[in-house]
Structure formats: C-alpha cells, structure tokens
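Asker: Please read through the structure below; I'll follow up with questions.
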Amino acid sequence: MKRNEKTPTDPELTRRIQELIQYKGGGYNEHEVADIIENGLKLLKDVKDTGDVRVIQTALRELRYSFRLFAPYAGKRKVSIFGSARTKPETKEYQQAVDFGRKIVEAGFMVITGAGPGIMQAGHEGASPENSFGVNIRLPWEQSANPVIAEDKKLITFKYFFTRKLIFIRHSDAIVLFPGGFGTLDEGYEAITLMQTGKAQLMPLVLVEKPGGTYWKTWDIQTISTCIASPTTRRRRCGSSSGSIATITPTVSSRTSWSCGSKTPRPPPRLPP
C-alpha cells in the first residue's frame, strides 16, 4: 500500500523545531519527535474543540510514560491475564489464576493485568509484585488498584481504554482469559481481531476453564466455531494443524509454558504508520 506523501514543511519552522530539540539536549528518534511537534502546532489551526485536543494530549502522555516504564523489561516475555473483577478468593477460578501466575513466572514470564480485584489480583498474587505490571483504568465507580500492585512502580493508571488496550497488545507474548464479563470478552475479541487482520503478531490465546465448567466451551461453540474459525481461516492465519486461534484448558499446569510460546522474546508488533 502506497503511503501518503508528507506535505512539505516550512523551512523556518523546521529550523526552529530542530533548535528546540537541541536545546533539550537531543535524544532518541529526533526526526519522529520533530514530526510530533510539528503536528502538535497544527492543532492550533486544525482542531477547535478543546475536548478533542485533550484526547490527543492525554493519549500522548499516557503512551510516552507507558513505553518508558516497559522499556527496561523489553527482553522479558510477558503474559496478559484477563478475567472477572468480581471473582472471590474462595472460588476455583481465583485459585487457578493464583496458580497460573506462579507457574508462568517459573516459566520465565512476567504478568500484566488490569490491576483491579478478582482475577487480576489473583494473577498478581501468584506472580508477585516484582514480576507484575498493573495497567489500570480510571472509571466513575471502579476500579482502584488491588493491594498487591497498588504501591509498585510498575502500575499505570489510564484515562482512555484505547491507549490501555494498545499497551496490553504491544507488550504481550501471550494472552490468558479466565471467565469474566464484557470487559474480558472485549479483550479476547480484540486480540483475535488484531491477529486475524495482521495488525498484531500471532500469539497464544489461552482460555482457562474450571474443571467441569462450560463458560469457554459455550463461547467457543457460539463464536469461534460458527462465526470466525472456518477451516480456510485457520489454515491461512494459524496453520493447518491449528484447530482454532484460542486454546481451552481446564488446568494451568499442563499449558503454562507450552501454550505461551517459545523462550525467545518476540519483537514488538508492527504498528501501522
């Protein structure tokens, strides 16, 4: 696909932006940063609504901070864990998430969750704060960060879901879903969509079912088997031997390292220009 040609810039503006960058001491990706500054200045004429400008302003802040926070751990594989925030500690699913967090760390991974209670807290308990990231979201009625990750420097609180979702996909080598509500299903659908459309690299998507449970089996029948994972799609996107993009498992022990990929850290997914 042919990329749009960039509109020629004002030479004087280019010079002043370069001077500003040098005034700050220079640094990484100076050409790209100059382009960000130039586009920021265009907002003065192009976008009148203050709310729209604040979306751009906040998104840039959140992404810049997040990339800086994750950068020291780029060589470490990571698994994102999703599931219900209302799962109680005495339930089987909660204990499975604790067990999974512990086993996946033993296999050499770190854990990323939404930093809330329930399954998210269970994943952090198993992994320990040292091996955890919390990717929280500000909501009108919930959610505060769970006590396991609340005081850790690897906690980020986002205003926008779209920047938060990008960080999950950008830094995950595998995704694990426990039974949950609309938020859990949303993350699963988005991961499948991005992989099927080539916007994210293929990665394991593991659905953990409690022994005897039918949550993911029902979802698989109604969604994957009938709507998405046709034999043609599976062969094209996942290989002829793959039954589906998603793998359902009733245990966390047999799938811990095998389902979550090789021991070689993958490069970050390629993002559109």
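Each chain of the structure tokens is named A, B, ... in the order shown, its residues numbered from 1; ligands are numbered from 1 in display order.
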Set the distance at 7 Å and use only C-alpha atoms: which residues neighbour segment 166-181 of chain A once local chain neighbours fewer than 3 positions away are removed? I'd like the list as a PyMOL selection string.
Answerer: chain A and resi 77-84+162-163+184-185+203-209+215+260+268-269
Asker: Just write the chosen residues, N, CA and C atoms, as an mmCIF file, in the first residue's frame.
Answerer:
data_model
loop_
_atom_site.group_PDB
_atom_site.id
_atom_site.type_symbol
_atom_site.label_atom_id
_atom_site.label_comp_id
_atom_site.auth_asym_id
_atom_site.auth_seq_id
_atom_site.Cartn_x
_atom_site.Cartn_y
_atom_site.Cartn_z
ATOM 1 N N ARG A 77 9.707 -11.955 28.524
ATOM 2 C CA ARG A 77 8.396 -12.307 27.989
ATOM 3 C C ARG A 77 7.294 -11.988 28.995
ATOM 4 N N LYS A 78 6.115 -11.659 28.455
ATOM 5 C CA LYS A 78 5.006 -11.236 29.314
ATOM 6 C C LYS A 78 3.698 -11.870 28.861
ATOM 7 N N VAL A 79 2.854 -12.163 29.833
ATOM 8 C CA VAL A 79 1.528 -12.714 29.582
ATOM 9 C C VAL A 79 0.488 -11.776 30.180
ATOM 10 N N SER A 80 -0.508 -11.402 29.393
ATOM 11 C CA SER A 80 -1.612 -10.602 29.906
ATOM 12 C C SER A 80 -2.721 -11.528 30.386
ATOM 13 N N ILE A 81 -3.206 -11.289 31.604
ATOM 14 C CA ILE A 81 -4.261 -12.090 32.208
ATOM 15 C C ILE A 81 -5.520 -11.239 32.337
ATOM 16 N N PHE A 82 -6.640 -11.762 31.825
ATOM 17 C CA PHE A 82 -7.921 -11.080 31.929
ATOM 18 C C PHE A 82 -8.933 -12.003 32.600
ATOM 19 N N GLY A 83 -9.915 -11.418 33.270
ATOM 20 C CA GLY A 83 -10.959 -12.181 33.925
ATOM 21 C C GLY A 83 -11.802 -11.267 34.791
ATOM 22 N N SER A 84 -12.812 -11.815 35.407
ATOM 23 C CA SER A 84 -13.769 -11.018 36.162
ATOM 24 C C SER A 84 -13.137 -10.340 37.377
ATOM 25 N N PHE A 162 -8.461 3.071 24.854
ATOM 26 C CA PHE A 162 -7.728 2.739 23.640
ATOM 27 C C PHE A 162 -6.213 2.767 23.847
ATOM 28 N N THR A 163 -5.719 3.663 24.696
ATOM 29 C CA THR A 163 -4.283 3.651 24.974
ATOM 30 C C THR A 163 -3.927 2.446 25.849
ATOM 31 N N THR A 184 -13.734 -8.726 29.800
ATOM 32 C CA THR A 184 -12.904 -9.882 29.444
ATOM 33 C C THR A 184 -13.152 -10.299 28.002
ATOM 34 N N LEU A 185 -14.419 -10.402 27.619
ATOM 35 C CA LEU A 185 -14.753 -10.790 26.248
ATOM 36 C C LEU A 185 -14.247 -9.761 25.242
ATOM 37 N N MET A 203 -0.135 -14.749 18.518
ATOM 38 C CA MET A 203 0.353 -15.128 19.835
ATOM 39 C C MET A 203 -0.642 -16.103 20.446
ATOM 40 N N PRO A 204 -0.226 -16.910 21.417
ATOM 41 C CA PRO A 204 -1.168 -17.833 22.058
ATOM 42 C C PRO A 204 -2.291 -17.086 22.769
ATOM 43 N N LEU A 205 -3.499 -17.613 22.626
ATOM 44 C CA LEU A 205 -4.662 -17.114 23.339
ATOM 45 C C LEU A 205 -5.264 -18.305 24.078
ATOM 46 N N VAL A 206 -5.092 -18.337 25.395
ATOM 47 C CA VAL A 206 -5.473 -19.483 26.212
ATOM 48 C C VAL A 206 -6.680 -19.131 27.066
ATOM 49 N N LEU A 207 -7.704 -19.963 27.016
ATOM 50 C CA LEU A 207 -8.938 -19.760 27.770
ATOM 51 C C LEU A 207 -8.979 -20.781 28.899
ATOM 52 N N VAL A 208 -8.884 -20.325 30.129
ATOM 53 C CA VAL A 208 -8.806 -21.230 31.276
ATOM 54 C C VAL A 208 -10.204 -21.490 31.819
ATOM 55 N N GLU A 209 -10.588 -22.749 31.826
ATOM 56 C CA GLU A 209 -11.893 -23.178 32.317
ATOM 57 C C GLU A 209 -11.713 -23.938 33.617
ATOM 58 N N TYR A 215 -18.079 -22.322 30.557
ATOM 59 C CA TYR A 215 -18.078 -20.918 30.121
ATOM 60 C C TYR A 215 -17.428 -20.775 28.749
ATOM 61 N N CYS A 260 2.173 -20.856 25.935
ATOM 62 C CA CYS A 260 2.566 -19.450 25.872
ATOM 63 C C CYS A 260 3.804 -19.212 25.025
ATOM 64 N N PRO A 268 8.351 -6.354 19.245
ATOM 65 C CA PRO A 268 7.038 -5.727 19.404
ATOM 66 C C PRO A 268 6.247 -5.838 18.113
ATOM 67 N N PRO A 269 4.904 -5.925 18.184
ATOM 68 C CA PRO A 269 4.113 -5.996 16.963
ATOM 69 C C PRO A 269 4.289 -4.761 16.111
#
Asker: May I have the residues within 10 Å of Lys154 of chain A as an NGL selection string, using only C-alpha atoms and disregarding those fewer than 5 positions away in the same chain?
Answerer: :A and (66 or 69-70 or 112 or 129-135 or 149)
Asker: Using DSSP secondary structure from the backbone, list all helix (DSSP H, G or I) positions within segment 157-208 of chain A, as number ranges by chain.
Answerer: A: 161-171, 182-196
Asker: Residues of the last selection are to be written out with C-alpha atoms, as a short mmCIF file (atom, residue, chain, number, x, y, z; two decimals), in the first residue's frame.
Answerer:
data_model
loop_
_atom_site.label_atom_id
_atom_site.label_comp_id
_atom_site.auth_asym_id
_atom_site.auth_seq_id
_atom_site.Cartn_x
_atom_site.Cartn_y
_atom_site.Cartn_z
CA PHE A 161 -9.31 2.47 27.09
CA PHE A 162 -7.73 2.74 23.64
CA THR A 163 -4.28 3.65 24.97
CA ARG A 164 -4.57 0.95 27.64
CA LYS A 165 -5.55 -1.66 25.05
CA LEU A 166 -2.58 -0.73 22.90
CA ILE A 167 -0.20 -1.31 25.81
CA PHE A 168 -1.70 -4.74 26.52
CA ILE A 169 -1.25 -5.91 22.92
CA ARG A 170 2.06 -4.14 22.38
CA HIS A 171 3.78 -5.86 25.30
CA PHE A 182 -17.99 -7.83 28.91
CA GLY A 183 -14.50 -6.44 29.58
CA THR A 184 -12.90 -9.88 29.44
CA LEU A 185 -14.75 -10.79 26.25
CA ASP A 186 -13.84 -7.43 24.73
CA GLU A 187 -10.14 -8.06 25.28
CA GLY A 188 -10.45 -11.53 23.78
CA TYR A 189 -12.33 -10.34 20.71
CA GLU A 190 -9.88 -7.52 20.14
CA ALA A 191 -6.90 -9.85 20.35
CA ILE A 192 -8.49 -12.22 17.83
CA THR A 193 -9.41 -9.34 15.50
CA LEU A 194 -5.91 -7.83 15.56
CA MET A 195 -4.28 -11.20 14.90
CA GLN A 196 -6.67 -12.15 12.11
#
Asker: In Å, rounded to a single decimal, give me how far atom CA of Ala71 of chain A is from atom CA of Tyr28 of chain A.
Answerer: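 Rounded to one decimal, the two atoms are 13.2 Å apart.
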Asker: Calculate how many Å separate atom CA of Ala150 of chain A from atom CA of Gln96 of chain A, rounding to one decimal.
Answerer: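 If I compute the distance from atom CA of Ala150 of chain A to atom CA of Gln96 of chain A, I get 21.9 Å.
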Asker: Would you compute the distance between atom CA of Ala59 of chain A and atom CA of Thr157 of chain A? Give it in Å to one decimal.
Answerer: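 That distance, rounded to one decimal, is 12.1 Å.
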Asker: For Leu63 of chain A, which of A:Ile156, A:Ala200, A:Trp216, A:Arg86 is the closest residue, counting only C-alpha atoms?
Answerer: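 Checking each candidate against Leu63 of chain A, we get A:Ile156 as the closest.
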Asker: Looking at A:Ile37, A:Ala85, A:Val98, A:Leu139, which one is nearest to Ala115 of chain A, with distances taken over only C-alpha atoms?
Answerer: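 Once distances to Ala115 of chain A are computed over only C-alpha atoms, the minimum belongs to A:Ala85.
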Asker: I need the residues of segment 13-229 of chain A that end up classed as strand (DSSP E or B) by DSSP on the backbone, written out as a ChimeraX atom specification.
Answerer: /A:77-82,109-113,132-137,155-158,174-177,205-208
Asker: Counting only C-alpha atoms, figure out which residue out of A:Phe158, A:Tyr65, A:Tyr23, A:Tyr94 gets nearest to Glu125 of chain A.
Answerer: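 The closest residue to Glu125 of chain A is A:Tyr94.
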Asker: List as a VMD selection string the protein and nucleic acid residues near Asp35 of chain A, meaning an atom at most 10 Å away when only C-alpha atoms are counted, but skip any in the same chain fewer than 5 places from it.
Answerer: chain A and resid 9 14 17 30 40 to 41
Asker: Using only C-alpha atoms, pick whichever of A:Glu19, A:Arg138, A:Pro250, A:Phe67 has the shortest atom-to-atom distance to Thr214 of chain A.
Answerer: A:Pro250
Asker: Tell me which of A:Lys103, A:Asp46, A:Gly108, A:Ala122 sits closest to Glu90 of chain A, counting only C-alpha atoms.
Answerer: A:Ala122
